[in-house]
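Raw contents of data_30.txt, compact mmCIF, C-alpha atoms and all ligand atoms:
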# COMPACT_ATOMS: atom_id res chain seq x y z
CA MET A 1 -0.04 43.67 14.80
CA PRO A 2 1.00 42.58 11.29
CA TRP A 3 1.81 38.90 10.90
CA SER A 4 5.47 37.96 11.12
CA PRO A 5 6.86 34.47 10.49
CA GLU A 6 8.83 34.32 13.74
CA GLN A 7 5.98 35.45 16.01
CA PRO A 8 3.57 32.75 17.25
CA PHE A 9 0.37 33.47 15.33
CA ASN A 10 -2.01 33.69 18.27
CA ASP A 11 -4.17 36.08 16.23
CA LEU A 12 -5.01 33.38 13.70
CA PRO A 13 -8.64 34.31 12.88
CA ALA A 14 -11.46 31.82 13.34
CA LEU A 15 -13.20 30.41 10.25
CA PRO A 16 -14.75 31.33 7.95
CA PRO A 17 -12.49 34.18 6.85
CA PRO A 18 -14.61 37.29 7.41
CA GLY A 19 -15.93 39.25 4.45
CA LEU A 20 -14.72 36.82 1.80
CA ASP A 21 -16.74 34.82 -0.69
CA LEU A 22 -15.04 31.41 -0.59
CA GLU A 23 -16.96 30.26 -3.64
CA PRO A 24 -16.54 32.69 -6.50
CA LYS A 25 -17.54 31.37 -9.93
CA SER A 26 -14.06 29.97 -10.67
CA VAL A 27 -14.16 27.94 -7.47
CA LEU A 28 -17.66 26.66 -8.17
CA LYS A 29 -16.57 25.49 -11.61
CA ALA A 30 -13.53 23.72 -10.21
CA THR A 31 -15.73 22.17 -7.53
CA ILE A 32 -18.07 20.69 -10.11
CA GLN A 33 -15.16 19.09 -11.94
CA ALA A 34 -13.59 17.72 -8.79
CA ARG A 35 -16.90 16.28 -7.63
CA ALA A 36 -17.55 14.65 -10.98
CA ALA A 37 -14.12 12.99 -10.79
CA LEU A 38 -14.86 11.81 -7.26
CA ALA A 39 -18.23 10.41 -8.29
CA SER A 40 -16.58 8.40 -11.08
CA LEU A 41 -14.09 7.07 -8.57
CA ALA A 42 -16.81 6.00 -6.15
CA GLN A 43 -18.61 4.26 -9.00
CA ALA A 44 -15.50 2.53 -10.32
CA GLY A 45 -14.75 1.30 -6.80
CA GLN A 46 -18.13 -0.36 -6.64
CA LEU A 47 -17.67 -2.14 -9.96
CA LEU A 48 -14.53 -3.88 -8.84
CA PRO A 49 -15.13 -7.62 -8.28
CA ASN A 50 -13.04 -7.51 -5.13
CA PRO A 51 -13.19 -4.13 -3.39
CA HIS A 52 -10.69 -5.37 -0.78
CA VAL A 53 -7.91 -4.81 -3.24
CA LEU A 54 -8.60 -1.10 -2.99
CA ILE A 55 -9.14 -0.95 0.71
CA HIS A 56 -5.84 -2.68 1.36
CA SER A 57 -3.74 -1.12 -1.33
CA ILE A 58 -4.80 2.45 -2.03
CA PRO A 59 -4.46 3.53 1.61
CA LEU A 60 -0.98 2.01 1.58
CA LEU A 61 -0.02 4.05 -1.47
CA GLU A 62 -1.56 7.09 0.19
CA ALA A 63 0.49 6.35 3.30
CA GLN A 64 3.65 6.12 1.27
CA ALA A 65 3.04 9.43 -0.51
CA SER A 66 1.93 11.32 2.57
CA SER A 67 4.87 10.11 4.64
CA GLU A 68 7.23 11.14 1.88
CA ILE A 69 6.38 14.78 2.51
CA GLU A 70 8.16 14.36 5.84
CA ASN A 71 11.06 12.74 3.95
CA ILE A 72 10.14 9.30 5.19
CA VAL A 73 10.95 7.46 2.03
CA THR A 74 10.04 3.84 1.47
CA THR A 75 8.89 1.93 -1.59
CA ALA A 76 5.43 0.54 -2.20
CA ASP A 77 7.06 -2.81 -2.78
CA GLU A 78 8.61 -2.83 0.71
CA LEU A 79 5.29 -1.74 2.20
CA PHE A 80 3.29 -4.49 0.58
CA LYS A 81 5.92 -7.02 1.55
CA HIS A 82 5.83 -6.10 5.22
CA VAL A 83 2.18 -5.26 5.62
CA ASP A 84 1.31 -8.42 7.56
CA SER A 85 4.63 -8.94 9.28
CA GLY A 86 4.84 -5.46 10.80
CA GLY A 87 8.55 -5.58 9.98
CA GLY A 88 10.69 -3.60 7.59
CA ASP A 89 12.99 -0.66 8.11
CA HIS A 90 12.16 2.52 9.97
CA ALA A 91 10.58 4.30 6.99
CA THR A 92 8.45 1.27 6.16
CA LYS A 93 7.18 1.02 9.73
CA GLU A 94 6.32 4.72 9.75
CA ALA A 95 4.33 4.46 6.55
CA LEU A 96 2.54 1.36 7.82
CA ARG A 97 1.59 3.34 10.91
CA TYR A 98 0.15 6.02 8.65
CA ARG A 99 -2.19 3.47 7.13
CA ALA A 100 -3.14 2.24 10.60
CA ALA A 101 -3.83 5.86 11.58
CA LEU A 102 -6.01 6.34 8.52
CA PHE A 103 -8.02 3.23 9.37
CA ALA A 104 -8.29 4.29 13.00
CA GLY A 105 -9.64 7.64 11.81
CA VAL A 106 -12.24 5.98 9.58
CA GLU A 107 -13.33 3.78 12.46
CA ALA A 108 -13.50 6.77 14.79
CA ILE A 109 -15.77 8.83 12.53
CA ARG A 110 -18.07 5.84 12.06
CA ALA A 111 -18.64 6.00 15.81
CA ARG A 112 -18.77 9.77 16.35
CA PRO A 113 -18.27 12.96 14.32
CA LEU A 114 -14.81 14.23 13.45
CA SER A 115 -13.36 16.28 16.27
CA THR A 116 -10.19 17.34 18.04
CA ARG A 117 -10.30 13.98 19.70
CA THR A 118 -10.22 12.24 16.33
CA ALA A 119 -7.16 14.30 15.43
CA THR A 120 -5.46 13.26 18.67
CA THR A 121 -6.24 9.61 18.00
CA ILE A 122 -4.80 9.84 14.49
CA CYS A 123 -1.67 11.67 15.57
CA SER A 124 -1.05 9.24 18.44
CA ARG A 125 -1.29 6.33 16.01
CA LEU A 126 1.14 8.00 13.64
CA GLN A 127 3.65 8.79 16.34
CA ASP A 128 3.11 5.55 18.22
CA ARG A 129 2.71 7.36 21.55
CA GLU A 130 0.02 9.36 23.30
CA MET A 131 -0.03 12.79 21.70
CA GLU A 132 -1.69 15.82 23.18
CA VAL A 133 -2.11 19.43 22.23
CA ARG A 134 1.19 21.33 22.51
CA ARG A 135 1.97 22.92 25.86
CA VAL A 136 5.57 23.79 25.28
CA PRO A 137 6.33 26.87 23.19
CA GLY A 138 8.88 26.93 20.41
CA THR A 139 7.37 24.87 17.58
CA ARG A 140 8.33 26.42 14.25
CA ILE A 141 7.89 25.47 10.61
CA ALA A 142 11.14 25.96 8.76
CA ASN A 143 12.17 25.62 5.18
CA PRO A 144 13.77 22.16 5.15
CA ALA A 145 16.54 23.29 2.81
CA THR A 146 17.49 26.72 4.18
CA ARG A 147 16.24 26.28 7.79
CA GLU A 148 14.66 29.70 7.46
CA ILE A 149 11.56 30.01 9.67
CA ILE A 150 8.44 30.28 7.56
CA TYR A 151 5.71 30.08 10.17
CA ALA A 152 5.26 30.08 13.93
CA PRO A 153 1.97 28.48 15.05
CA PRO A 154 -0.08 29.79 17.99
CA GLU A 155 1.15 28.95 21.49
CA GLY A 156 -0.52 28.11 24.79
CA ALA A 157 -2.59 24.95 25.25
CA GLU A 158 -5.70 27.01 26.07
CA THR A 159 -5.38 29.14 22.92
CA ILE A 160 -4.80 26.08 20.78
CA ARG A 161 -7.81 24.29 22.25
CA THR A 162 -10.06 27.27 21.62
CA LYS A 163 -8.91 27.47 18.03
CA LEU A 164 -9.48 23.75 17.59
CA ALA A 165 -12.99 24.14 18.96
CA ASP A 166 -13.61 26.83 16.31
CA TRP A 167 -12.13 24.56 13.67
CA GLU A 168 -14.47 21.76 14.76
CA ARG A 169 -17.50 24.04 14.53
CA PHE A 170 -16.50 25.04 11.03
CA VAL A 171 -15.97 21.40 10.00
CA HIS A 172 -19.60 20.69 10.87
CA GLY A 173 -20.90 24.10 9.83
CA ALA A 174 -24.55 24.40 8.88
CA ASP A 175 -23.86 26.82 6.00
CA ASP A 176 -24.12 25.47 2.47
CA LEU A 177 -20.43 25.53 1.63
CA ASP A 178 -19.39 22.79 -0.76
CA PRO A 179 -17.76 19.91 1.17
CA LEU A 180 -14.62 20.11 -0.95
CA VAL A 181 -14.22 23.82 -0.27
CA ARG A 182 -14.84 23.14 3.39
CA MET A 183 -12.15 20.47 3.37
CA ALA A 184 -9.64 22.82 1.74
CA VAL A 185 -10.35 25.65 4.16
CA ALA A 186 -10.32 23.38 7.20
CA HIS A 187 -7.01 21.84 6.11
CA TYR A 188 -5.32 25.23 6.04
CA GLN A 189 -6.73 26.05 9.45
CA PHE A 190 -5.64 22.78 11.00
CA GLU A 191 -2.12 23.26 9.70
CA ALA A 192 -2.05 26.87 10.84
CA ILE A 193 -3.14 25.83 14.36
CA HIS A 194 -0.54 23.06 14.21
CA PRO A 195 -1.89 21.51 17.40
CA PHE A 196 0.80 18.90 17.93
CA HIS A 197 4.51 18.95 18.38
CA ASP A 198 4.90 16.82 15.23
CA GLY A 199 2.77 14.90 12.73
CA ASN A 200 0.43 17.80 11.92
CA GLY A 201 0.83 17.50 8.15
CA ARG A 202 0.09 13.81 8.09
CA THR A 203 -2.76 14.08 10.61
CA GLY A 204 -4.26 16.90 8.53
CA ARG A 205 -4.03 14.85 5.36
CA VAL A 206 -5.78 11.90 7.02
CA ILE A 207 -8.49 14.32 8.14
CA ASN A 208 -8.99 15.45 4.51
CA ILE A 209 -10.01 11.94 3.57
CA LEU A 210 -12.23 11.65 6.65
CA MET A 211 -14.06 14.85 5.73
CA LEU A 212 -14.83 13.42 2.30
CA ILE A 213 -16.19 10.27 3.90
CA GLU A 214 -18.27 12.27 6.39
CA ALA A 215 -19.68 14.29 3.51
CA GLY A 216 -20.70 11.06 1.76
CA LEU A 217 -18.40 11.70 -1.21
CA LEU A 218 -16.40 8.55 -0.55
CA THR A 219 -17.44 5.41 1.29
CA GLU A 220 -13.94 4.04 1.82
CA PRO A 221 -10.58 5.77 2.15
CA ILE A 222 -9.58 5.00 -1.43
CA LEU A 223 -8.52 8.41 -2.66
CA TYR A 224 -4.82 8.67 -3.32
CA LEU A 225 -4.78 12.40 -2.51
CA SER A 226 -1.34 12.88 -1.00
CA ARG A 227 0.35 11.83 -4.22
CA SER A 228 -1.01 14.95 -5.90
CA ILE A 229 -0.07 17.12 -2.95
CA ILE A 230 3.47 15.82 -2.63
CA ALA A 231 4.01 16.12 -6.37
CA GLN A 232 3.62 19.84 -5.80
CA LYS A 233 5.09 20.13 -2.36
CA SER A 234 6.63 23.54 -2.91
CA ASP A 235 3.27 24.93 -4.06
CA TYR A 236 1.63 23.27 -1.07
CA TYR A 237 3.95 25.07 1.32
CA ARG A 238 3.90 28.33 -0.62
CA LEU A 239 0.12 28.47 -0.80
CA LEU A 240 -0.41 27.59 2.86
CA ARG A 241 1.86 30.45 3.74
CA ALA A 242 0.19 32.82 1.27
CA VAL A 243 -3.12 32.32 3.07
CA THR A 244 -1.50 33.51 6.29
CA ALA A 245 0.56 36.29 4.75
CA GLU A 246 -1.84 37.62 2.14
CA GLY A 247 -5.22 36.01 2.75
CA ALA A 248 -4.80 34.16 -0.57
CA TRP A 249 -7.66 31.75 0.11
CA ILE A 250 -8.91 31.36 -3.42
CA GLU A 251 -5.55 30.19 -4.80
CA TRP A 252 -5.30 27.73 -1.93
CA ILE A 253 -8.80 26.37 -2.53
CA HIS A 254 -8.02 25.96 -6.22
CA PHE A 255 -4.88 24.04 -5.36
CA MET A 256 -6.78 21.59 -3.19
CA LEU A 257 -9.65 21.18 -5.66
CA GLU A 258 -7.15 20.42 -8.39
CA ALA A 259 -5.45 17.87 -6.14
CA VAL A 260 -8.81 16.16 -5.52
CA ARG A 261 -9.69 16.10 -9.19
CA ASP A 262 -6.28 14.88 -10.22
CA SER A 263 -6.08 12.15 -7.62
CA ALA A 264 -9.66 10.99 -8.21
CA THR A 265 -8.99 10.70 -11.93
CA SER A 266 -5.74 8.82 -11.51
CA THR A 267 -7.20 6.51 -8.85
CA THR A 268 -10.09 5.72 -11.22
CA ARG A 269 -7.58 4.88 -13.94
CA LYS A 270 -5.76 2.65 -11.53
CA ILE A 271 -8.96 0.79 -10.76
CA ALA A 272 -9.53 0.19 -14.47
CA SER A 273 -6.00 -1.23 -14.75
CA ILE A 274 -6.54 -3.42 -11.70
CA ARG A 275 -9.71 -4.81 -13.27
CA THR A 276 -7.99 -5.67 -16.52
CA CYS A 277 -5.16 -7.31 -14.61
CA GLN A 278 -7.59 -9.25 -12.44
CA GLU A 279 -9.58 -10.56 -15.39
CA GLY A 280 -6.42 -11.70 -17.19
CA ILE A 281 -5.03 -13.49 -14.17
CA ALA A 282 -8.33 -15.13 -13.27
CA GLU A 283 -8.49 -16.66 -16.73
CA ARG A 284 -4.92 -17.93 -16.70
CA ALA A 285 -5.29 -19.25 -13.14
CA ARG A 286 -8.28 -21.36 -14.21
CA ALA A 287 -6.13 -22.99 -16.85
CA ALA A 288 -3.23 -23.55 -14.46
CA THR A 289 -4.84 -25.21 -11.41
CA VAL A 290 -8.16 -26.47 -10.05
CA GLY A 291 -7.70 -23.80 -7.38
CA GLY A 292 -8.15 -21.26 -10.16
CA ARG A 293 -11.82 -22.19 -10.21
CA ASP A 294 -12.22 -21.18 -6.59
CA ALA A 295 -13.36 -17.57 -6.65
CA ARG A 296 -12.07 -17.03 -3.11
CA PHE A 297 -8.60 -18.12 -4.14
CA VAL A 298 -8.43 -15.70 -7.06
CA SER A 299 -9.78 -13.04 -4.76
CA VAL A 300 -7.01 -13.62 -2.20
CA LEU A 301 -4.42 -13.10 -4.91
CA PHE A 302 -5.81 -9.63 -5.39
CA GLU A 303 -6.23 -8.49 -1.84
CA GLN A 304 -2.56 -7.72 -1.60
CA PRO A 305 0.19 -8.32 -4.10
CA TYR A 306 2.08 -10.46 -1.56
CA CYS A 307 0.24 -13.58 -0.51
CA ARG A 308 1.01 -16.16 2.15
CA ILE A 309 0.08 -19.84 2.27
CA GLY A 310 -1.71 -19.17 5.55
CA THR A 311 -3.93 -16.56 3.97
CA VAL A 312 -5.11 -19.04 1.34
CA VAL A 313 -5.72 -21.68 4.02
CA GLU A 314 -7.81 -19.22 5.96
CA HIS A 315 -9.83 -17.71 3.12
CA CYS A 316 -10.43 -20.86 1.09
CA GLU A 317 -10.77 -23.33 3.95
CA VAL A 318 -8.31 -25.77 2.44
CA SER A 319 -5.33 -27.62 3.89
CA ARG A 320 -1.85 -26.13 3.86
CA GLN A 321 -0.86 -28.73 1.33
CA THR A 322 -3.65 -27.81 -1.08
CA ALA A 323 -3.00 -24.10 -0.65
CA SER A 324 0.65 -24.58 -1.30
CA SER A 325 0.06 -26.72 -4.40
CA TRP A 326 -2.33 -24.16 -5.88
CA LEU A 327 0.18 -21.38 -5.31
CA GLN A 328 3.02 -23.47 -6.69
CA ALA A 329 1.01 -24.17 -9.85
CA LEU A 330 0.69 -20.43 -10.38
CA VAL A 331 4.42 -19.99 -9.84
CA ASP A 332 5.06 -22.68 -12.45
CA ALA A 333 2.69 -20.92 -14.83
CA GLY A 334 4.59 -17.65 -14.30
CA LEU A 335 1.63 -15.88 -12.68
CA LEU A 336 3.31 -15.53 -9.28
CA PHE A 337 6.90 -15.10 -8.16
CA ASP A 338 8.38 -16.80 -5.16
CA ALA A 339 9.83 -14.50 -2.49
CA ARG A 340 10.85 -14.67 1.13
CA ILE A 341 10.99 -12.52 4.18
CA GLY A 342 12.97 -14.22 6.89
CA ARG A 343 11.82 -17.80 6.93
CA GLU A 344 8.45 -17.08 5.48
CA ARG A 345 7.52 -17.86 1.93
CA LEU A 346 5.65 -15.19 0.02
CA PHE A 347 4.00 -15.31 -3.37
CA VAL A 348 4.13 -12.13 -5.37
CA ASN A 349 1.43 -11.19 -7.82
CA HIS A 350 3.95 -9.20 -9.82
CA GLU A 351 1.51 -8.01 -12.44
CA LEU A 352 -0.74 -6.52 -9.77
CA LEU A 353 2.27 -5.02 -8.01
CA GLU A 354 3.30 -3.37 -11.25
CA VAL A 355 -0.19 -1.97 -11.80
CA LEU A 356 -0.37 -0.64 -8.26
CA THR A 357 3.00 1.03 -8.21
CA ARG A 358 3.24 2.56 -11.66
CA PRO A 359 2.16 6.18 -12.02
CA GLU A 360 -1.18 6.54 -13.81
N1 LIG B 1 3.33 28.15 6.22
C1 LIG B 1 2.64 27.15 6.73
N2 LIG B 1 1.57 27.40 7.51
C2 LIG B 1 0.86 26.40 8.05
N3 LIG B 1 1.14 25.10 7.87
C3 LIG B 1 2.19 24.80 7.13
C4 LIG B 1 2.99 25.78 6.51
N4 LIG B 1 3.95 25.18 5.82
C5 LIG B 1 3.78 23.86 5.98
N5 LIG B 1 2.72 23.60 6.78
C6 LIG B 1 2.18 22.30 7.20
O1 LIG B 1 2.99 21.75 8.20
C7 LIG B 1 3.24 20.38 7.90
C8 LIG B 1 4.52 19.91 8.59
O2 LIG B 1 4.29 19.86 9.98
P1 LIG B 1 4.69 18.61 10.89
O3 LIG B 1 6.15 18.36 10.79
O4 LIG B 1 4.08 18.75 12.22
O5 LIG B 1 3.92 17.46 10.13
P2 LIG B 1 4.46 16.04 9.74
O6 LIG B 1 3.27 15.21 9.40
O7 LIG B 1 5.42 15.53 10.75
O8 LIG B 1 5.30 16.39 8.46
P3 LIG B 1 4.96 16.32 6.93
O9 LIG B 1 3.66 16.97 6.69
O10 LIG B 1 6.10 17.06 6.31
O11 LIG B 1 4.92 14.87 6.58
C9 LIG B 1 3.25 20.37 6.38
O12 LIG B 1 2.97 19.11 5.81
C10 LIG B 1 2.13 21.32 6.05
O13 LIG B 1 0.88 20.66 6.11
MG MG B 2 7.30 16.53 11.18
How does this structure look as structure tokens?
Amino acid sequence: MPWSPEQPFNDLPALPPPGLDLEPKSVLKATIQARAALASLAQAGQLLPNPHVLIHSIPLLEAQASSEIENIVTTADELFKHVDSGGGDHATKEALRYRAALFAGVEAIRARPLSTRTATTICSRLQDREMEVRRVPGTRIANPATREIIYAPPEGAETIRTKLADWERFVHGADDLDPLVRMAVAHYQFEAIHPFHDGNGRTGRVINILMLIEAGLLTEPILYLSRSIIAQKSDYYRLLRAVTAEGAWIEWIHFMLEAVRDSATSTTRKIASIRTCQEGIAERARAATVGGRDARFVSVLFEQPYCRIGTVVEHCEVSRQTASSWLQALVDAGLLFDARIGRERLFVNHELLEVLTRPE
């Protein structure tokens, strides 16, 4: 039966697509470029004096971008402000859950290989309730603007589970497919299976990062990949659908490879800007307070752009009074801004915040 957008696609073929070379010369070339960009990113990440700044911040930016695809719109500033308080408005909480889901995924694959179970863990974290594979029919993907149905995923828990088992086998396939091509192909398949009632896009985008970590191309989840995808959301949707409708795999793979290259390059640039910012602030902090000579203190200022007195107390093993006087000295020197959420005092490293949030 020919594919139709309203009919649940229970005939979705297992991977790899039969009779197709997934790596023609054009793909191989694009793969080389994307991998070179990723390698530079991994290297830049290692050169950073305080890698925590990346591990805290980049996943938060990734969370913001990926959630935005679902029209959950928050600002990076709000996210950083609420990261330790767990507060904020609905959109902020959702994006913070995305980061938690990403971290839960990383932890899960450090314990055991990526699987359907990992996907369930991630989706449950995102949705803040126990998710399981869809049982109820009727899930449809519609054009958000026109409401027109663009895709109907397979139905029946058994069918979905079988397709997920195939997907899992492909994810850990023994063939010599490039890991980036494998990620691209697996991402389409996961979205086409659409195992959950909701959260499939975000779960699938977390899985992309996990596949790169499993392949050894990244050691931490510091690729800001969803920014590149959301910047081209209409292409993302169009190309996913073109794989189903026309078997347009190669265009899809190119799209994902380009997104990897683009995001790796811009994340590397961001790291360079963070370094410059960090060096400048470290120097001025030394002039402003004795605390500026404590490497741990300067490091805390760069873990997150919003800092609390308690964090300094904890990391630097100093009294509240000392911590607060060090921070105040930096406020007086113009290096930090004073802010508040509720009754709590926050210190904003505004230069770092600017570096993190501006487009590269
Ligand atoms: N034609 C299509 N075929 C398969 N998957 C698609 C198609 N169009 C879009 N998708 C995927 O479905 C996702 C949306 O599904 P769902 O609402 O379950 O995910 P979400 O995480 O809640 O939303 P979003 O991805 O928009 O943030 C899209 O992000 C995309 O990955
Ligand atoms: Mg949704």
Give me the chain A side of the contact with ligand LIG 1 (chain B), cut-off 6 Å, one line per residue showing its nearest atom pair and distance in Å at one decimal, counting all atoms listed in the file, sorted by chain and residue number, as JSON lines.
{"residue": "A:Ser67", "atom": "CA", "partner": "B:LIG1", "partner_atom": "O11", "distance": 5.1}
{"residue": "A:Ile69", "atom": "CA", "partner": "B:LIG1", "partner_atom": "O11", "distance": 4.3}
{"residue": "A:Glu70", "atom": "CA", "partner": "B:LIG1", "partner_atom": "O11", "distance": 3.4}
{"residue": "A:Ile150", "atom": "CA", "partner": "B:LIG1", "partner_atom": "N1", "distance": 5.7}
{"residue": "A:Tyr151", "atom": "CA", "partner": "B:LIG1", "partner_atom": "N1", "distance": 5.0}
{"residue": "A:Glu191", "atom": "CA", "partner": "B:LIG1", "partner_atom": "N3", "distance": 4.2}
{"residue": "A:Ala192", "atom": "CA", "partner": "B:LIG1", "partner_atom": "C2", "distance": 4.1}
{"residue": "A:Asp198", "atom": "CA", "partner": "B:LIG1", "partner_atom": "O4", "distance": 3.7}
{"residue": "A:Gly199", "atom": "CA", "partner": "B:LIG1", "partner_atom": "O7", "distance": 3.4}
{"residue": "A:Asn200", "atom": "CA", "partner": "B:LIG1", "partner_atom": "O4", "distance": 3.8}
{"residue": "A:Gly201", "atom": "CA", "partner": "B:LIG1", "partner_atom": "O9", "distance": 3.2}
{"residue": "A:Arg202", "atom": "CA", "partner": "B:LIG1", "partner_atom": "O6", "distance": 3.7}
{"residue": "A:Tyr237", "atom": "CA", "partner": "B:LIG1", "partner_atom": "N4", "distance": 4.5}
{"residue": "A:Leu240", "atom": "CA", "partner": "B:LIG1", "partner_atom": "C1", "distance": 4.9}
{"residue": "A:Arg241", "atom": "CA", "partner": "B:LIG1", "partner_atom": "N1", "distance": 3.7}
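Separating atom CA of Gly138 of chain A from atom MG of ligand MG 2 (chain B) is a distance of 14.0 Å.
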As lines of an AutoDock Vina configuration file, what would the box around segment 216-231 of chain A look like: edges along x, y and z, 4 Å added on every side, centre and edge lengths in Å to one decimal?
center_x = -8.3
center_y = 10.6
center_z = -2.1
size_x = 32.7
size_y = 21.1
size_z = 16.5
Next on the checklist: As an exercise, work out the distance from atom CA of Gly45 of chain A to atom CA of Val106 of chain A in Å and give it to one decimal place.
Outcome noted: 17.2 Å
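Taking atom CA of Leu346 of chain A as the reference point, atom CA of Gln304 of chain A is found at 11.2 Å.
Candidate residues A:Pro359, A:Gly204, A:Pro16, A:Gly156 were compared for distance to ligand MG 2 (chain B), and the nearest is A:Gly204, using all atoms listed in the file.
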Hey, what's within 9 Å of Ala323 of chain A if we count only C-alpha atoms and toss same-chain stuff fewer than 4 positions away? As a PDB file with C-alpha atoms, keeping the file's coordinate frame, please?
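Full text of around.pdb as output:
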ATOM      1  CA  GLY A 291      -7.700 -23.800  -7.380  1.00  0.00           C
ATOM      2  CA  PHE A 297      -8.600 -18.120  -4.140  1.00  0.00           C
ATOM      3  CA  ILE A 309       0.080 -19.840   2.270  1.00  0.00           C
ATOM      4  CA  GLY A 310      -1.710 -19.170   5.550  1.00  0.00           C
ATOM      5  CA  THR A 311      -3.930 -16.560   3.970  1.00  0.00           C
ATOM      6  CA  VAL A 312      -5.110 -19.040   1.340  1.00  0.00           C
ATOM      7  CA  VAL A 313      -5.720 -21.680   4.020  1.00  0.00           C
ATOM      8  CA  CYS A 316     -10.430 -20.860   1.090  1.00  0.00           C
ATOM      9  CA  VAL A 318      -8.310 -25.770   2.440  1.00  0.00           C
ATOM     10  CA  SER A 319      -5.330 -27.620   3.890  1.00  0.00           C
ATOM     11  CA  LEU A 327       0.180 -21.380  -5.310  1.00  0.00           C
ATOM     12  CA  GLN A 328       3.020 -23.470  -6.690  1.00  0.00           C
TER      13      GLN A 328
END
Item to check | Residue nearest Thr162 of chain A - candidates A:Ile58, A:Ala245, A:Val133, A:Leu48, atoms counted: all atoms listed in the file | outcome: A:Val133
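The smallest atom-to-atom distance between ligand MG 2 (chain B) and any of A:Glu94, A:Asp21, A:Asp338, A:Glu354, using all atoms listed in the file, is found for A:Glu94.
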Item to check | Option closest in space to ligand MG 2 (chain B), from A:Ala248, A:Leu102, A:Leu28, A:Leu126 [counting all atoms listed in the file] | outcome: A:Leu126
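Of the listed residues A:Ala14, A:Ile281, A:Cys123, A:Val53, the one whose atoms come nearest to ligand MG 2 (chain B) is A:Cys123, with distances taken using all atoms listed in the file.
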Next on the checklist: Give me, as a PyMOL selection string, all polymer residues having an atom no more than 12 Å from His56 of chain A, counting only C-alpha atoms and skipping those fewer than 6 positions away in the same chain.
Outcome noted: chain A and resi 50+62-63+79-80+83-84+96+99-100+102-103+220-222+300+302-306+356
Item to check | Nearby residues, (9.6, 12.3, -1.1) file frame, 12 Å, only C-alpha atoms, as a PyMOL selection string | outcome: chain A and resi 63-75+91+226-234
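Proximity of A:Ser26, A:Thr31, A:Gln278, A:Asn10 to Asp178 of chain A, computed with only C-alpha atoms, is greatest for A:Thr31.
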Checklist entry - Leaving out Glu344 of chain A and any residue of its chain fewer than 3 positions from it, which residues lie within 10 Å of it when counting all atoms listed in the file, given as an MDAnalysis selection string? => result chainID A and resid 85 308:309 339:341
Output as a tab-separated table (two decimals), in the frame of the given file: segment 65-76 of chain A, completed with N, CA and C atoms.
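Output contents, as saved in result-v6.tsv:
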chain	number	residue	atom	x	y	z
A	65	ALA	N	2.91	8.08	0.04
A	65	ALA	CA	3.04	9.43	-0.51
A	65	ALA	C	3.01	10.47	0.60
A	66	SER	N	2.08	10.31	1.53
A	66	SER	CA	1.93	11.32	2.57
A	66	SER	C	3.15	11.34	3.48
A	67	SER	N	3.71	10.18	3.77
A	67	SER	CA	4.87	10.11	4.64
A	67	SER	C	6.08	10.72	3.95
A	68	GLU	N	6.09	10.62	2.65
A	68	GLU	CA	7.23	11.14	1.88
A	68	GLU	C	7.39	12.66	2.04
A	69	ILE	N	6.30	13.33	2.33
A	69	ILE	CA	6.38	14.78	2.51
A	69	ILE	C	7.30	15.08	3.70
A	70	GLU	N	7.30	14.22	4.67
A	70	GLU	CA	8.16	14.36	5.84
A	70	GLU	C	9.54	13.73	5.59
A	71	ASN	N	9.80	13.41	4.32
A	71	ASN	CA	11.06	12.74	3.95
A	71	ASN	C	11.22	11.35	4.56
A	72	ILE	N	10.09	10.70	4.78
A	72	ILE	CA	10.14	9.30	5.19
A	72	ILE	C	9.95	8.51	3.91
A	73	VAL	N	11.04	8.03	3.36
A	73	VAL	CA	10.95	7.46	2.03
A	73	VAL	C	11.07	5.94	2.06
A	74	THR	N	10.02	5.29	1.59
A	74	THR	CA	10.04	3.84	1.47
A	74	THR	C	9.43	3.51	0.11
A	75	THR	N	9.50	2.27	-0.31
A	75	THR	CA	8.89	1.93	-1.59
A	75	THR	C	7.59	1.17	-1.34
A	76	ALA	N	6.70	1.26	-2.31
A	76	ALA	CA	5.43	0.54	-2.20
A	76	ALA	C	5.71	-0.96	-2.08
